[in-house]
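Read the structure below first, then the notes.
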Amino acid sequence: MLSPIGAEVILPDQALLLARWQFAFTVSFHIVFPAISIGLASFLAVLEGLWLRTGKPVYKQLFFFWSKIFAVGFAMGVVSGVVMSYEFGTNWAGFSAVAGPVTGPLLAFEVMTAFFLEAGFLGIMLFGWTKVGPRAHFFATLMVAVGTLISTFWILSSNSWMQTPQGFDLVNGKVVPTDWLKIVFNPSFPYRLVHMALAAFVVAAMIVAGCAAWHLHRGRKDRAIRKSFSMALWMLLVVVPLQIAAGDAHGLNTRQYQPAKIAAIEGLWDTEHGGTSLNLFGWPDMDEETTHFALKVPHLGSLILTHSWDGEIQGLKSFPKEDRPYSPLVFWSFRLMVAMGLLMLLIAALGLWLRRGKRLYDAAWFQRLVFLSAPAGLVALLAGWVTTEAGRQPWVVYGVLRTKDAASAVTVNQVGTSLLTFVVVYFLVFGTGIYYMLHLMAKGPETLHDAAHSEEEGTGAGHDRFAHRPLSRPTDAIDE
């Protein structure tokens, strides 16, 4: 068999590997933008709500600024998501044929509920300042934020079902839904939904904090910059500990339903009785079935993964070789995620310490740390998704459909050509979008000459004043 460009087809495993790399590449680009959108949408709703409640123009000033960045990220998220839907048909026809009766309706529910809600109110949120009253506009902003969370609900339900499938029968090799409540609310769904939603809030908080830290370090210390820095650090102080707790609960659930994934994450080969050690670092070797250079802490694995001193955790040798995830990848992606989480926890704690000492806006070293750590939320997000998805291998639908059986009958050159095309196009298109977002953040919010005076006065937010401040005129009496 020949590819469309006439080259000889080589090994099917190579085509499968390239198809997996292509999907990993496109989904990694895609997940960044919805995460930013989810977090920023809620942030915008909070900003507008505070503006309506207090009348302080700094909140509306920040709303105008971050709504532009939200709009760019939202658009790129939609475009990158459309590309992924086509990949299911081109590279993963086996998955669509077998699991489509479940995943197809779940994605349709997402479109009919979340996407229509977002699309219906997004225009009002971005361009309706002179068309509707303040409460109507705030309602539109709330609906956009709610829409992003509803979208998260359906997407995570579909993904979680692939991790912990239930509520179906297999008929002639195809999935037939029997209980939609069990499908939607599958065993890992609540944990995964909370973990992802909190991750999006962490991502947004780190971006907002990093942007503010950049401007503070460059000498700009007006009220808008200080307010955004303060709000982001408060958010981190609340959300990061919650995320750690959610991750712990998610780990317990994963151990129950996907024990091979936990063993691969921990680089654990033998089932240890009387207490399991934790491999802090090391290099898992799939061929020799051991973890080289392991730095072990006795009983810590049991404490973390079973919440008991002598809890037992299955080792990878308990599972057939063909059912084992690739341990080196998930071992290190998990540790990267944890490292980023600890870094963000440190930043939140340092922020509280500096705030109590009234040095939050003057500590240049802290501003540099926050700015350089701004991508930490995104790095943790991507590392977490690598851990989740690679840890499910060799299954696409856990225990039901193997990855090799989900792929389309494509050739190495077909997938290789499309992968190369995606890489070039994505870096051009989305690279431009990311550059523009960074450009907007580098400019910062518009400087308002009397914002400080207006905030001290606590000017009200009446309908007439609200309606005469279009987005195209951000400096027109916002801070009166």
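Order determines the names: the first chain of the structure tokens is A, the second B, and so forth; residues in each chain are numbered 1 upward, and ligands are numbered 1 upward as they are shown.
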- All residues 12 Å or closer to Arg218 of chain A, only C-alpha atoms, same chain fewer than 3 positions away omitted, as number ranges by chain: A: 211-215, 221-222, 225, 361-362, 364, 367-368, 371, 442-444
C-alpha atoms of the current selection, written as a JSON list (two decimals), in the first residue's frame:
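Writing the result to selection-v4.json gives the following:
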```json
[["chain", "number", "residue", "atom", "x", "y", "z"],
["A", 211, "CYS", "CA", 1.29, 40.41, 34.39],
["A", 212, "ALA", "CA", 0.94, 42.68, 37.43],
["A", 213, "ALA", "CA", 4.38, 41.66, 38.72],
["A", 214, "TRP", "CA", 5.90, 42.65, 35.37],
["A", 215, "HIS", "CA", 4.44, 46.14, 35.59],
["A", 221, "LYS", "CA", 2.37, 51.01, 40.72],
["A", 222, "ASP", "CA", -0.99, 52.61, 39.99],
["A", 225, "ILE", "CA", -1.79, 47.12, 38.83],
["A", 361, "TYR", "CA", 4.24, 46.06, 46.21],
["A", 362, "ASP", "CA", 7.85, 46.95, 47.05],
["A", 364, "ALA", "CA", 11.46, 43.51, 43.75],
["A", 367, "GLN", "CA", 7.96, 40.51, 41.71],
["A", 368, "ARG", "CA", 10.69, 38.81, 39.69],
["A", 371, "PHE", "CA", 6.75, 37.10, 36.84],
["A", 442, "ALA", "CA", 2.83, 44.05, 28.34],
["A", 443, "LYS", "CA", 0.91, 47.27, 27.62],
["A", 444, "GLY", "CA", -1.18, 46.86, 30.75]]
```
- re atom CA of Val111 of chain A and atom CA of Val82 of chain A: distance 11.7 Å
- Task: Within 7 Å of segment 28-39 of chain A, counting only C-alpha atoms, which residues show up once you throw out same-chain ones fewer than 5 positions away? Write them as a PyMOL selection string, please.
- Result: chain A and resi 70+73-74+76-77+80-81+145+148-149+200-201+203-204+378+382
Keeping only C-alpha atoms, write the selected residues to a file as a compact mmCIF listing (two decimals), in the first residue's frame.
```
# COMPACT_ATOMS: atom_id res chain seq x y z
CA PHE A 70 -10.10 36.75 27.21
CA GLY A 73 -7.89 33.29 24.09
CA PHE A 74 -11.53 32.28 23.63
CA MET A 76 -8.11 30.46 19.72
CA GLY A 77 -9.72 27.86 21.97
CA SER A 80 -8.14 24.64 18.08
CA GLY A 81 -11.12 22.63 19.32
CA ALA A 145 -18.60 32.40 32.87
CA THR A 148 -17.33 27.94 30.28
CA LEU A 149 -17.99 25.85 33.39
CA ALA A 200 -8.18 26.80 35.34
CA PHE A 201 -8.55 29.24 38.24
CA VAL A 203 -3.81 29.25 35.59
CA ALA A 204 -5.71 32.55 35.40
CA LEU A 378 0.04 26.15 32.54
CA LEU A 382 -0.06 20.24 30.81
```
Proximity of segment 374-429 of chain A to segment 308-326 of chain A: per-residue shortest pair, 7 Å limit, only C-alpha atoms, as CSV:
```
residue,atom,partner,partner_atom,distance
A:Ala390,CA,A:Pro325,CA,6.8
A:Gly391,CA,A:Pro325,CA,5.4
A:Arg392,CA,A:Pro325,CA,6.6
A:Gln393,CA,A:Pro325,CA,5.1
A:Pro394,CA,A:Asp323,CA,6.1
```
Write to file, as an mmCIF file, in the first residue's frame, the residues of the selection just made, with C-alpha atoms.
```cif
data_model
loop_
_atom_site.group_PDB
_atom_site.id
_atom_site.type_symbol
_atom_site.label_atom_id
_atom_site.label_comp_id
_atom_site.auth_asym_id
_atom_site.auth_seq_id
_atom_site.Cartn_x
_atom_site.Cartn_y
_atom_site.Cartn_z
ATOM 1 C CA ALA A 390 -0.438 8.660 29.180
ATOM 2 C CA GLY A 391 -1.242 6.847 32.416
ATOM 3 C CA ARG A 392 -4.391 5.420 30.811
ATOM 4 C CA GLN A 393 -2.383 3.736 28.068
ATOM 5 C CA PRO A 394 -2.510 1.267 26.398
#
```
- Item | For atom CA of Leu268 of chain A and atom CA of Ser327 of chain A, the interatomic separation in Å (one decimal) |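 That distance, rounded to one decimal, is 9.0 Å.
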- What's the 12 Å shell around Leu346 of chain A, counting only C-alpha atoms, without same-chain residues fewer than 5 positions away, as a ChimeraX atom specification? /A:233,236-237,240-241,339-341,351-353,366,369-370,373,376
Taking only residues of segment 272-389 of chain A that have an atom at most 12 Å from an atom of segment 182-194 of chain A, what is each one's shortest atom pair and its distance in Å to one decimal, using only C-alpha atoms, in chain and number order, as JSON lines?
```
{"residue": "A:Gly384", "atom": "CA", "partner": "A:Arg192", "partner_atom": "CA", "distance": 10.9}
{"residue": "A:Trp385", "atom": "CA", "partner": "A:Arg192", "partner_atom": "CA", "distance": 10.6}
{"residue": "A:Thr388", "atom": "CA", "partner": "A:Arg192", "partner_atom": "CA", "distance": 9.8}
```
Next, the residues of the selection above should be written as a PDB file, in the first residue's frame with C-alpha atoms.
```pdb
ATOM      1  CA  GLY A 384      -1.175  16.820  34.778  1.00  0.00           C
ATOM      2  CA  TRP A 385      -2.890  16.013  31.507  1.00  0.00           C
ATOM      3  CA  THR A 388      -3.752  11.434  33.135  1.00  0.00           C
TER       4      THR A 388
END
```
- Assign secondary structure with DSSP using the backbone only, and return the residues of segment 203-396 of chain A in helix (DSSP H, G or I) as a PyMOL selection string. chain A and resi 203-217+223-257+259-266+300-306+316-318+321-323+327-356+364-372+376-390
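For the atom pair formed by atom CA of Leu198 of chain A and atom CA of Arg255 of chain A, the distance is 21.1 Å, given to one decimal.
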- Query: For Ser42 of chain A, which of A:Trp92, A:Ala99, A:Val27, A:Phe138 is the closest residue, counting only C-alpha atoms?
  - Reply: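 Among A:Trp92, A:Ala99, A:Val27, A:Phe138, it is A:Phe138 that comes nearest to Ser42 of chain A.
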